[in-house]
$ cat model-v4.txt   # compact mmCIF, C-alpha atoms
# COMPACT_ATOMS: atom_id res chain seq x y z
CA MET S 1 -54.08 55.81 -38.13
CA VAL S 2 -52.48 59.20 -37.51
CA THR S 3 -48.82 59.83 -38.32
CA PHE S 4 -46.98 61.35 -35.37
CA GLY S 5 -43.26 61.09 -36.11
CA LEU S 6 -40.33 59.28 -37.64
CA HIS S 7 -38.67 56.21 -36.14
CA ALA S 8 -34.99 56.70 -35.31
CA GLY S 9 -34.08 53.65 -37.39
CA GLY S 10 -36.13 54.83 -40.35
CA GLY S 11 -39.83 54.61 -41.07
CA GLU S 12 -43.02 56.44 -40.27
CA MET S 13 -44.53 56.07 -36.81
CA THR S 14 -48.30 55.80 -36.45
CA GLN S 15 -50.57 54.98 -33.56
CA SER S 16 -52.61 51.81 -33.22
CA PRO S 17 -56.27 51.92 -32.14
CA ALA S 18 -55.03 50.84 -28.69
CA GLY S 19 -52.66 53.80 -28.55
CA PHE S 20 -49.22 52.21 -28.94
CA ALA S 21 -46.67 53.02 -31.63
CA ILE S 22 -46.42 51.20 -34.96
CA THR S 23 -43.54 51.86 -37.36
CA ARG S 24 -44.06 51.48 -41.11
CA THR S 25 -41.33 51.46 -43.73
CA PRO S 26 -42.62 51.71 -47.32
CA ALA S 27 -41.47 49.64 -50.27
CA LYS S 28 -40.08 51.08 -53.50
CA THR S 29 -43.08 49.73 -55.41
CA ASP S 30 -46.76 49.68 -54.48
CA ALA S 31 -47.14 46.02 -55.52
CA ALA S 32 -44.62 44.74 -52.98
CA PRO S 33 -45.93 42.76 -49.99
CA THR S 34 -45.65 44.02 -46.43
CA LEU S 35 -43.73 42.11 -43.77
CA LEU S 36 -45.50 42.17 -40.40
CA LEU S 37 -42.57 41.77 -37.98
CA ILE S 38 -43.19 40.25 -34.52
CA HIS S 39 -40.17 40.31 -32.22
CA GLY S 40 -39.16 37.78 -29.61
CA PHE S 41 -38.43 37.54 -25.90
CA LEU S 42 -36.44 40.43 -24.33
CA ASP S 43 -36.57 42.47 -27.56
CA ASP S 44 -38.54 45.31 -29.12
CA ALA S 45 -39.28 46.68 -32.58
CA THR S 46 -35.81 48.21 -32.95
CA VAL S 47 -34.28 44.72 -33.10
CA TRP S 48 -35.43 44.64 -36.74
CA ASP S 49 -33.57 47.79 -37.82
CA GLY S 50 -30.57 45.99 -39.32
CA LEU S 51 -32.76 43.55 -41.22
CA ILE S 52 -34.97 46.35 -42.55
CA GLY S 53 -31.89 48.18 -43.78
CA ALA S 54 -30.75 45.03 -45.57
CA LEU S 55 -34.18 44.60 -47.21
CA ALA S 56 -33.47 47.94 -48.92
CA GLY S 57 -37.10 48.80 -49.66
CA GLU S 58 -37.77 45.68 -51.74
CA VAL S 59 -40.72 44.99 -49.40
CA ALA S 60 -42.64 47.17 -46.96
CA THR S 61 -42.45 46.48 -43.23
CA VAL S 62 -44.60 47.07 -40.17
CA ARG S 63 -43.19 46.56 -36.68
CA TYR S 64 -44.29 47.26 -33.12
CA ASP S 65 -43.46 46.46 -29.49
CA LEU S 66 -45.21 43.64 -27.66
CA PRO S 67 -46.72 44.58 -24.26
CA GLY S 68 -43.98 44.92 -21.66
CA PHE S 69 -41.17 45.63 -24.13
CA GLY S 70 -39.62 48.75 -25.67
CA THR S 71 -41.98 51.72 -25.65
CA ARG S 72 -44.48 49.54 -23.79
CA SER S 73 -42.06 48.37 -21.07
CA ALA S 74 -43.95 50.39 -18.45
CA THR S 75 -47.17 48.46 -19.12
CA VAL S 76 -46.24 45.63 -16.75
CA ALA S 77 -49.84 44.93 -15.75
CA ASP S 78 -50.79 44.57 -19.42
CA ALA S 79 -47.82 42.29 -20.05
CA ARG S 80 -48.79 39.99 -17.17
CA GLY S 81 -52.28 39.62 -18.64
CA VAL S 82 -51.40 38.59 -22.19
CA SER S 83 -51.79 35.18 -23.76
CA LEU S 84 -50.61 33.85 -27.11
CA ASP S 85 -54.16 34.23 -28.37
CA SER S 86 -54.43 37.85 -27.22
CA LEU S 87 -51.07 38.68 -28.79
CA ALA S 88 -52.27 37.14 -32.06
CA ALA S 89 -55.49 39.16 -31.85
CA GLU S 90 -53.45 42.35 -31.38
CA ALA S 91 -51.31 41.46 -34.41
CA GLY S 92 -54.52 40.86 -36.38
CA GLU S 93 -55.74 44.35 -35.51
CA ILE S 94 -52.48 45.78 -36.80
CA MET S 95 -52.76 43.70 -39.97
CA ALA S 96 -56.20 45.20 -40.59
CA GLY S 97 -54.47 48.54 -41.19
CA ILE S 98 -52.12 47.11 -43.85
CA ASP S 99 -53.08 47.38 -47.51
CA GLY S 100 -52.26 44.51 -49.85
CA PRO S 101 -50.67 41.11 -49.26
CA VAL S 102 -48.87 40.35 -46.00
CA ILE S 103 -46.03 38.03 -45.07
CA VAL S 104 -45.89 37.47 -41.31
CA VAL S 105 -42.40 37.21 -39.82
CA GLY S 106 -41.78 36.16 -36.23
CA GLN S 107 -38.69 35.38 -34.20
CA SER S 108 -38.51 32.96 -31.25
CA LEU S 109 -41.57 33.73 -29.05
CA GLY S 110 -42.81 35.84 -31.98
CA THR S 111 -43.08 32.71 -34.15
CA GLN S 112 -45.81 31.33 -31.90
CA VAL S 113 -47.77 34.57 -32.32
CA ALA S 114 -46.99 34.72 -36.06
CA GLU S 115 -48.37 31.24 -36.72
CA LEU S 116 -51.58 31.99 -34.85
CA VAL S 117 -52.24 35.29 -36.64
CA ALA S 118 -51.42 33.75 -40.03
CA ALA S 119 -53.84 30.88 -39.38
CA LYS S 120 -56.63 33.28 -38.41
CA HIS S 121 -56.14 35.51 -41.46
CA THR S 122 -55.39 33.13 -44.30
CA GLU S 123 -57.19 35.39 -46.76
CA ARG S 124 -54.62 38.15 -46.10
CA VAL S 125 -51.44 36.26 -45.34
CA ARG S 126 -49.40 35.28 -48.38
CA GLY S 127 -46.64 33.50 -46.44
CA LEU S 128 -45.11 32.87 -43.02
CA VAL S 129 -41.45 33.25 -42.02
CA LEU S 130 -40.29 31.69 -38.75
CA LEU S 131 -36.87 32.79 -37.47
CA THR S 132 -35.33 30.54 -34.80
CA PRO S 133 -38.80 29.18 -34.01
CA VAL S 134 -40.06 27.62 -30.81
CA PRO S 135 -42.90 25.06 -30.90
CA LEU S 136 -46.45 26.39 -30.80
CA GLY S 137 -47.12 23.83 -28.08
CA GLY S 138 -44.22 25.22 -26.02
CA THR S 139 -40.66 24.18 -25.29
CA ARG S 140 -41.82 22.32 -22.16
CA LEU S 141 -38.54 22.72 -20.31
CA PRO S 142 -38.47 21.63 -16.66
CA ALA S 143 -38.80 24.23 -13.91
CA GLU S 144 -35.14 24.10 -12.90
CA MET S 145 -34.06 24.91 -16.47
CA ILE S 146 -36.61 27.64 -17.03
CA GLU S 147 -36.23 29.57 -13.76
CA PRO S 148 -33.07 31.50 -14.83
CA PHE S 149 -34.99 32.79 -17.88
CA ARG S 150 -37.91 33.91 -15.74
CA THR S 151 -35.67 36.14 -13.58
CA LEU S 152 -33.85 37.92 -16.45
CA GLY S 153 -35.90 41.12 -16.14
CA GLY S 154 -33.81 43.97 -14.77
CA ASP S 155 -30.61 41.88 -14.81
CA GLY S 156 -28.50 43.33 -17.61
CA ASP S 157 -25.46 41.16 -16.92
CA ALA S 158 -27.48 37.96 -17.04
CA GLN S 159 -29.23 39.04 -20.23
CA ARG S 160 -25.93 39.89 -21.88
CA ALA S 161 -24.42 36.53 -20.90
CA LEU S 162 -27.46 34.66 -22.25
CA ARG S 163 -27.40 36.48 -25.58
CA ALA S 164 -23.66 35.87 -25.98
CA GLN S 165 -24.16 32.17 -25.21
CA LEU S 166 -27.05 31.66 -27.64
CA SER S 167 -25.61 33.90 -30.39
CA PRO S 168 -21.84 33.41 -30.11
CA HIS S 169 -21.01 35.44 -33.23
CA LEU S 170 -22.64 38.69 -32.15
CA SER S 171 -20.26 41.60 -32.49
CA GLU S 172 -19.63 43.80 -29.46
CA GLU S 173 -21.78 46.50 -31.06
CA GLN S 174 -24.63 44.06 -31.68
CA LEU S 175 -24.38 42.71 -28.15
CA ASN S 176 -24.50 46.23 -26.73
CA LEU S 177 -27.57 46.97 -28.86
CA LEU S 178 -29.42 43.91 -27.58
CA ALA S 179 -28.38 44.64 -23.99
CA ASP S 180 -29.83 48.14 -24.28
CA ILE S 181 -33.07 46.78 -25.77
CA GLY S 182 -33.57 44.32 -22.92
CA ALA S 183 -32.56 46.65 -20.07
CA PRO S 184 -36.01 48.22 -19.39
CA VAL S 185 -37.91 44.92 -19.26
CA ALA S 186 -39.34 44.21 -15.80
CA VAL S 187 -38.89 40.85 -14.09
CA GLU S 188 -42.68 40.47 -13.89
CA ALA S 189 -42.81 40.67 -17.68
CA THR S 190 -39.97 38.21 -18.28
CA ALA S 191 -41.48 35.71 -15.85
CA HIS S 192 -44.85 35.81 -17.59
CA TYR S 193 -43.48 35.65 -21.13
CA VAL S 194 -41.20 32.72 -20.27
CA ASP S 195 -44.26 30.82 -19.06
CA LEU S 196 -46.01 31.71 -22.34
CA TRP S 197 -43.34 30.33 -24.65
CA ASN S 198 -42.50 27.40 -22.41
CA ASP S 199 -46.10 26.28 -21.84
CA GLY S 200 -47.18 27.19 -25.38
CA LEU S 201 -50.69 26.92 -26.72
CA ARG S 202 -52.83 24.40 -24.89
CA ASN S 203 -53.86 21.55 -27.18
CA ALA S 204 -51.77 22.91 -30.04
CA PRO S 205 -52.75 21.02 -33.22
CA THR S 206 -50.37 18.43 -34.63
CA SER S 207 -50.74 20.09 -38.04
CA SER S 208 -50.72 23.86 -38.35
CA ALA S 209 -53.95 25.61 -39.33
CA PHE S 210 -51.89 27.72 -41.73
CA GLY S 211 -51.56 25.86 -45.00
CA GLY S 212 -49.67 28.44 -47.02
CA PRO S 213 -45.96 28.70 -47.84
CA VAL S 214 -43.62 28.72 -44.84
CA LEU S 215 -39.93 29.54 -44.56
CA ILE S 216 -38.02 28.49 -41.45
CA ILE S 217 -34.64 30.12 -40.84
CA HIS S 218 -32.42 29.07 -37.97
CA GLY S 219 -28.80 29.33 -36.96
CA GLY S 220 -26.39 26.44 -36.82
CA ALA S 221 -24.80 27.90 -33.67
CA ASP S 222 -28.10 28.35 -31.78
CA ALA S 223 -27.89 26.28 -28.59
CA PHE S 224 -31.58 26.87 -27.81
CA VAL S 225 -33.44 26.29 -31.08
CA THR S 226 -31.50 23.23 -32.16
CA GLU S 227 -31.73 21.27 -35.40
CA GLN S 228 -33.75 18.64 -33.50
CA MET S 229 -36.28 21.26 -32.45
CA VAL S 230 -36.61 22.54 -36.01
CA ASP S 231 -37.00 18.98 -37.28
CA ALA S 232 -39.96 18.58 -34.90
CA ILE S 233 -41.56 21.88 -36.01
CA ARG S 234 -41.21 21.52 -39.79
CA PRO S 235 -43.65 18.58 -40.33
CA ARG S 236 -46.50 20.60 -38.80
CA PHE S 237 -46.65 22.70 -41.98
CA ALA S 238 -47.90 21.52 -45.35
CA ALA S 239 -45.34 23.56 -47.29
CA ALA S 240 -42.24 24.47 -45.29
CA ASP S 241 -38.67 25.07 -46.44
CA VAL S 242 -35.79 25.26 -43.99
CA GLU S 243 -32.73 27.50 -44.38
CA ILE S 244 -29.72 27.24 -42.06
CA ILE S 245 -27.23 30.04 -41.52
CA ASP S 246 -24.28 28.03 -40.26
CA ASP S 247 -22.70 30.53 -37.85
CA GLY S 248 -25.99 32.12 -36.86
CA GLY S 249 -27.27 31.97 -33.32
CA HIS S 250 -30.64 32.65 -31.73
CA TRP S 251 -30.54 36.30 -32.84
CA VAL S 252 -29.50 35.36 -36.37
CA HIS S 253 -31.39 38.36 -37.81
CA VAL S 254 -29.13 40.67 -35.78
CA GLU S 255 -25.89 38.75 -36.44
CA TYR S 256 -26.44 38.26 -40.17
CA PRO S 257 -29.15 40.66 -41.37
CA GLU S 258 -28.03 40.54 -45.02
CA SER S 259 -28.19 36.74 -45.14
CA VAL S 260 -31.61 36.66 -43.50
CA ALA S 261 -32.89 39.47 -45.76
CA SER S 262 -31.76 37.70 -48.95
CA ARG S 263 -33.61 34.54 -47.93
CA ILE S 264 -36.76 36.45 -47.03
CA LEU S 265 -36.70 38.36 -50.32
CA GLU S 266 -36.21 35.16 -52.31
CA PHE S 267 -39.17 33.67 -50.44
CA SER S 268 -41.34 36.76 -51.04
CA ARG S 269 -40.66 36.56 -54.78
CA ALA S 270 -41.47 32.84 -54.90
CA VAL S 271 -44.61 33.01 -52.76
CA PRO S 272 -47.12 34.04 -55.49
CA ALA S 273 -46.34 30.91 -57.51
CA LEU S 274 -46.33 28.74 -54.40
CA THR S 275 -49.70 30.14 -53.36
CA GLN S 276 -51.20 29.33 -56.77
CA ARG S 277 -50.14 25.69 -56.29
CA ARG S 278 -51.60 25.59 -52.77
CA PRO S 279 -54.02 22.67 -52.29
CA ALA S 280 -57.70 23.62 -52.08

$ encode --input "model-v4.txt" --output "structure tokens"
Amino acid sequence: MVTFGLHAGGGEMTQSPAGFAITRTPAKTDAAPTLLLIHGFLDDATVWDGLIGALAGEVATVRYDLPGFGTRSATVADARGVSLDSLAAEAGEIMAGIDGPVIVVGQSLGTQVAELVAAKHTERVRGLVLLTPVPLGGTRLPAEMIEPFRTLGGDGDAQRALRAQLSPHLSEEQLNLLADIGAPVAVEATAHYVDLWNDGLRNAPTSSAFGGPVLIIHGGADAFVTEQMVDAIRPRFAAADVEIIDDGGHWVHVEYPESVASRILEFSRAVPALTQRRPA
């Protein structure tokens, strides 16, 4: 991949084989794993900037925009054509350009993609981190509950209200940041992505195909990904730990980046030993 600039939040920007931007932030040491960061609904790669700052170079990171978001917000036709499987395949192509061990990190919608790519690349993926996860098989909310989410594209006031509701401890600065990130997203993209995370993967397995170490982090103040939802997700994994950040909401990685970073770093340090104990 060819370097073509520096990301405003830090990191080196390269271009994927498909032509979209990927931002890489190196670690202080060559032996450190790389976090492949997959953002959630309404967001883009810049949503990770605070977390990456809090990681302080202890691990490397790679982040990118999903189709229809951020630098790819103009690719509405592409966004309307994606599936969870195609998003996982795209993440796998990005992973192919990463040297050394990888820990896949997803948030919300991104956790569905993260699980799929981890399961398809078990030889590369050392661990899986799920932030405020939604079920791989979908949230399965009824149409009347899901319709307001589908129409969020282009409606900055509605997006801002939703984020404030689901992450009640966001600062004004953090809320403004998220509002700016979601502003360019088209309604056609939001409608399609809502159907993706609500419908989920058809015939999703009861047990995850990823058998490695898993860390689930969720917020105690998240009105969407509730404790009951997490309790239903956790048993799907053979080796999953759950961490709760009491005042955290759905965007817990934006509200409390230091707390999330410390848990991820602790997990990354423990993963080699956990992997050695992994059942054959």

$ atom_distance --input "model-v4.txt" --atom1 "CA of Thr23 in chain S" --atom2 "CA of Ile98 in chain S"
11.8 Å

$ atom_distance --input "model-v4.txt" --atom1 "CA of Gly70 in chain S" --atom2 "CA of Asp44 in chain S"
5.0 Å

$ closest_residue --input "model-v4.txt" --among "S:Gly211, S:Pro17, S:Gly219, S:Pro135" --to "Met95 in chain S" --atoms "all atoms listed in the file"
S:Pro17

$ residues_near_point --input "model-v4.txt" --point "(-27.7, 29.6, -31.7)" --cutoff "7 Å" --atoms "all atoms listed in the file" --output "list in words"
Leu166, Ser167, Gly219, Gly220, Ala221, Asp222, Ala223, Phe224, Val225, Gly248, Gly249 and His250 of chain S

$ residues_around --input "model-v4.txt" --residues "Phe267 in chain S" --least-positions-apart "5" --cutoff "9 Å" --atoms "all atoms listed in the file" --output "PyMOL selection string"
chain S and resi 127+129+213-215+262

$ residues_around --input "model-v4.txt" --residues "range 73-89 of chain S" --least-positions-apart "6" --cutoff "10 Å" --atoms "all atoms listed in the file" --output "ChimeraX atom specification"
/S:38,44,65-67,95,109-110,112-120,136,182-193,195-197,200-202

$ atom_distance --input "model-v4.txt" --atom1 "CA of Ala261 in chain S" --atom2 "CA of Ile52 in chain S"
7.9 Å

$ closest_residue --input "model-v4.txt" --among "S:Ala270, S:Leu131, S:Leu141, S:Val104" --to "Ile245 in chain S" --atoms "all atoms listed in the file"
S:Leu131

$ closest_residue --input "model-v4.txt" --among "S:Gly106, S:Thr206, S:Glu123, S:Arg269" --to "Ala31 in chain S" --atoms "all atoms listed in the file"
S:Arg269

$ axis_aligned_box --input "model-v4.txt" --around "range 58-62 of chain S" --padding-each-side "5 Å" --output "JSON"
{"center_x": -41.2, "center_y": 46.1, "center_z": -46.0, "size_x": 16.8, "size_y": 12.2, "size_z": 21.6}

$ residues_around --input "model-v4.txt" --residues "Ala54 in chain S" --least-positions-apart "4" --cutoff "8 Å" --atoms "all atoms listed in the file" --output "list in words"
Gly50, Pro257, Glu258 and Ala261 of chain S

$ residues_around --input "model-v4.txt" --residues "Ala161 in chain S" --least-positions-apart "5" --cutoff "12 Å" --atoms "only C-alpha atoms" --output "list in words"
Pro148, Phe149, Leu152, Asp155, Gly156, Leu166, Ser167, Pro168, Leu170, Leu175, Asn176, Leu178 and Ala179 of chain S

$ residues_around --input "model-v4.txt" --residues "Ala238 in chain S" --least-positions-apart "6" --cutoff "10 Å" --atoms "all atoms listed in the file" --output "list in words"
Ser207, Ser208, Ala209, Phe210, Gly211, Gly212, Pro213, Val214, Arg278 and Pro279 of chain S

$ closest_residue --input "model-v4.txt" --among "S:Asp43, S:Gln228, S:Gln15, S:Gly92" --to "Gln159 in chain S" --atoms "all atoms listed in the file"
S:Asp43

$ closest_residue --input "model-v4.txt" --among "S:Thr151, S:Gln174, S:Ser108, S:Thr132" --to "Glu243 in chain S" --atoms "all atoms listed in the file"
S:Thr132

$ decode --input "model-v4.txt" --residues "range 32-52 of chain S" --atoms "N, CA, C and O atoms" --output "PDB file, in the first residue's frame"
ATOM      1  N   ALA S  32       4.485  -5.590  19.405  1.00  0.00           N
ATOM      2  CA  ALA S  32       3.120  -5.316  19.860  1.00  0.00           C
ATOM      3  C   ALA S  32       2.101  -5.748  18.812  1.00  0.00           C
ATOM      4  O   ALA S  32       2.348  -5.643  17.607  1.00  0.00           O
ATOM      5  N   PRO S  33       0.926  -6.215  19.251  1.00  0.00           N
ATOM      6  CA  PRO S  33      -0.122  -6.564  18.286  1.00  0.00           C
ATOM      7  C   PRO S  33      -0.740  -5.318  17.670  1.00  0.00           C
ATOM      8  O   PRO S  33      -0.535  -4.196  18.150  1.00  0.00           O
ATOM      9  N   THR S  34      -1.484  -5.522  16.609  1.00  0.00           N
ATOM     10  CA  THR S  34      -2.212  -4.435  15.947  1.00  0.00           C
ATOM     11  C   THR S  34      -3.701  -4.595  16.211  1.00  0.00           C
ATOM     12  O   THR S  34      -4.253  -5.690  16.045  1.00  0.00           O
ATOM     13  N   LEU S  35      -4.351  -3.520  16.622  1.00  0.00           N
ATOM     14  CA  LEU S  35      -5.804  -3.502  16.755  1.00  0.00           C
ATOM     15  C   LEU S  35      -6.418  -3.101  15.417  1.00  0.00           C
ATOM     16  O   LEU S  35      -6.113  -2.027  14.890  1.00  0.00           O
ATOM     17  N   LEU S  36      -7.260  -3.964  14.860  1.00  0.00           N
ATOM     18  CA  LEU S  36      -8.038  -3.621  13.673  1.00  0.00           C
ATOM     19  C   LEU S  36      -9.381  -3.093  14.170  1.00  0.00           C
ATOM     20  O   LEU S  36     -10.184  -3.840  14.729  1.00  0.00           O
ATOM     21  N   LEU S  37      -9.612  -1.786  14.010  1.00  0.00           N
ATOM     22  CA  LEU S  37     -10.754  -1.092  14.592  1.00  0.00           C
ATOM     23  C   LEU S  37     -11.880  -0.948  13.573  1.00  0.00           C
ATOM     24  O   LEU S  37     -11.678  -0.372  12.501  1.00  0.00           O
ATOM     25  N   ILE S  38     -13.070  -1.450  13.917  1.00  0.00           N
ATOM     26  CA  ILE S  38     -14.225  -1.415  13.017  1.00  0.00           C
ATOM     27  C   ILE S  38     -15.338  -0.633  13.705  1.00  0.00           C
ATOM     28  O   ILE S  38     -15.902  -1.078  14.708  1.00  0.00           O
ATOM     29  N   HIS S  39     -15.636   0.550  13.173  1.00  0.00           N
ATOM     30  CA  HIS S  39     -16.588   1.441  13.828  1.00  0.00           C
ATOM     31  C   HIS S  39     -18.030   0.986  13.653  1.00  0.00           C
ATOM     32  O   HIS S  39     -18.336   0.061  12.883  1.00  0.00           O
ATOM     33  N   GLY S  40     -18.916   1.677  14.355  1.00  0.00           N
ATOM     34  CA  GLY S  40     -20.325   1.323  14.332  1.00  0.00           C
ATOM     35  C   GLY S  40     -21.186   2.243  13.497  1.00  0.00           C
ATOM     36  O   GLY S  40     -20.696   3.088  12.732  1.00  0.00           O
ATOM     37  N   PHE S  41     -22.468   2.102  13.657  1.00  0.00           N
ATOM     38  CA  PHE S  41     -23.504   2.841  12.942  1.00  0.00           C
ATOM     39  C   PHE S  41     -23.361   4.346  13.179  1.00  0.00           C
ATOM     40  O   PHE S  41     -23.152   4.788  14.300  1.00  0.00           O
ATOM     41  N   LEU S  42     -23.481   5.125  12.110  1.00  0.00           N
ATOM     42  CA  LEU S  42     -23.419   6.590  12.092  1.00  0.00           C
ATOM     43  C   LEU S  42     -22.015   7.164  12.247  1.00  0.00           C
ATOM     44  O   LEU S  42     -21.835   8.380  12.188  1.00  0.00           O
ATOM     45  N   ASP S  43     -20.997   6.317  12.445  1.00  0.00           N
ATOM     46  CA  ASP S  43     -19.664   6.802  12.780  1.00  0.00           C
ATOM     47  C   ASP S  43     -18.690   6.662  11.611  1.00  0.00           C
ATOM     48  O   ASP S  43     -19.065   6.244  10.521  1.00  0.00           O
ATOM     49  N   ASP S  44     -17.441   7.020  11.854  1.00  0.00           N
ATOM     50  CA  ASP S  44     -16.366   6.792  10.901  1.00  0.00           C
ATOM     51  C   ASP S  44     -15.079   6.552  11.671  1.00  0.00           C
ATOM     52  O   ASP S  44     -15.098   6.452  12.909  1.00  0.00           O
ATOM     53  N   ALA S  45     -13.968   6.456  10.967  1.00  0.00           N
ATOM     54  CA  ALA S  45     -12.711   6.073  11.605  1.00  0.00           C
ATOM     55  C   ALA S  45     -12.234   7.089  12.635  1.00  0.00           C
ATOM     56  O   ALA S  45     -11.496   6.732  13.568  1.00  0.00           O
ATOM     57  N   THR S  46     -12.666   8.344  12.525  1.00  0.00           N
ATOM     58  CA  THR S  46     -12.207   9.353  13.483  1.00  0.00           C
ATOM     59  C   THR S  46     -12.816   9.159  14.862  1.00  0.00           C
ATOM     60  O   THR S  46     -12.332   9.754  15.833  1.00  0.00           O
ATOM     61  N   VAL S  47     -13.854   8.342  14.980  1.00  0.00           N
ATOM     62  CA  VAL S  47     -14.470   8.099  16.285  1.00  0.00           C
ATOM     63  C   VAL S  47     -13.496   7.412  17.248  1.00  0.00           C
ATOM     64  O   VAL S  47     -13.668   7.461  18.463  1.00  0.00           O
ATOM     65  N   TRP S  48     -12.436   6.811  16.688  1.00  0.00           N
ATOM     66  CA  TRP S  48     -11.447   6.104  17.504  1.00  0.00           C
ATOM     67  C   TRP S  48     -10.311   7.009  17.985  1.00  0.00           C
ATOM     68  O   TRP S  48      -9.445   6.542  18.741  1.00  0.00           O
ATOM     69  N   ASP S  49     -10.281   8.258  17.587  1.00  0.00           N
ATOM     70  CA  ASP S  49      -9.113   9.093  17.871  1.00  0.00           C
ATOM     71  C   ASP S  49      -8.804   9.201  19.360  1.00  0.00           C
ATOM     72  O   ASP S  49      -7.646   9.123  19.780  1.00  0.00           O
ATOM     73  N   GLY S  50      -9.827   9.412  20.183  1.00  0.00           N
ATOM     74  CA  GLY S  50      -9.602   9.528  21.619  1.00  0.00           C
ATOM     75  C   GLY S  50      -9.066   8.252  22.227  1.00  0.00           C
ATOM     76  O   GLY S  50      -8.156   8.274  23.071  1.00  0.00           O
ATOM     77  N   LEU S  51      -9.604   7.126  21.799  1.00  0.00           N
ATOM     78  CA  LEU S  51      -9.135   5.829  22.292  1.00  0.00           C
ATOM     79  C   LEU S  51      -7.687   5.597  21.881  1.00  0.00           C
ATOM     80  O   LEU S  51      -6.865   5.142  22.690  1.00  0.00           O
ATOM     81  N   ILE S  52      -7.356   5.912  20.624  1.00  0.00           N
ATOM     82  CA  ILE S  52      -5.989   5.700  20.143  1.00  0.00           C
ATOM     83  C   ILE S  52      -5.010   6.563  20.936  1.00  0.00           C
ATOM     84  O   ILE S  52      -3.919   6.120  21.296  1.00  0.00           O
TER      85      ILE S  52
END
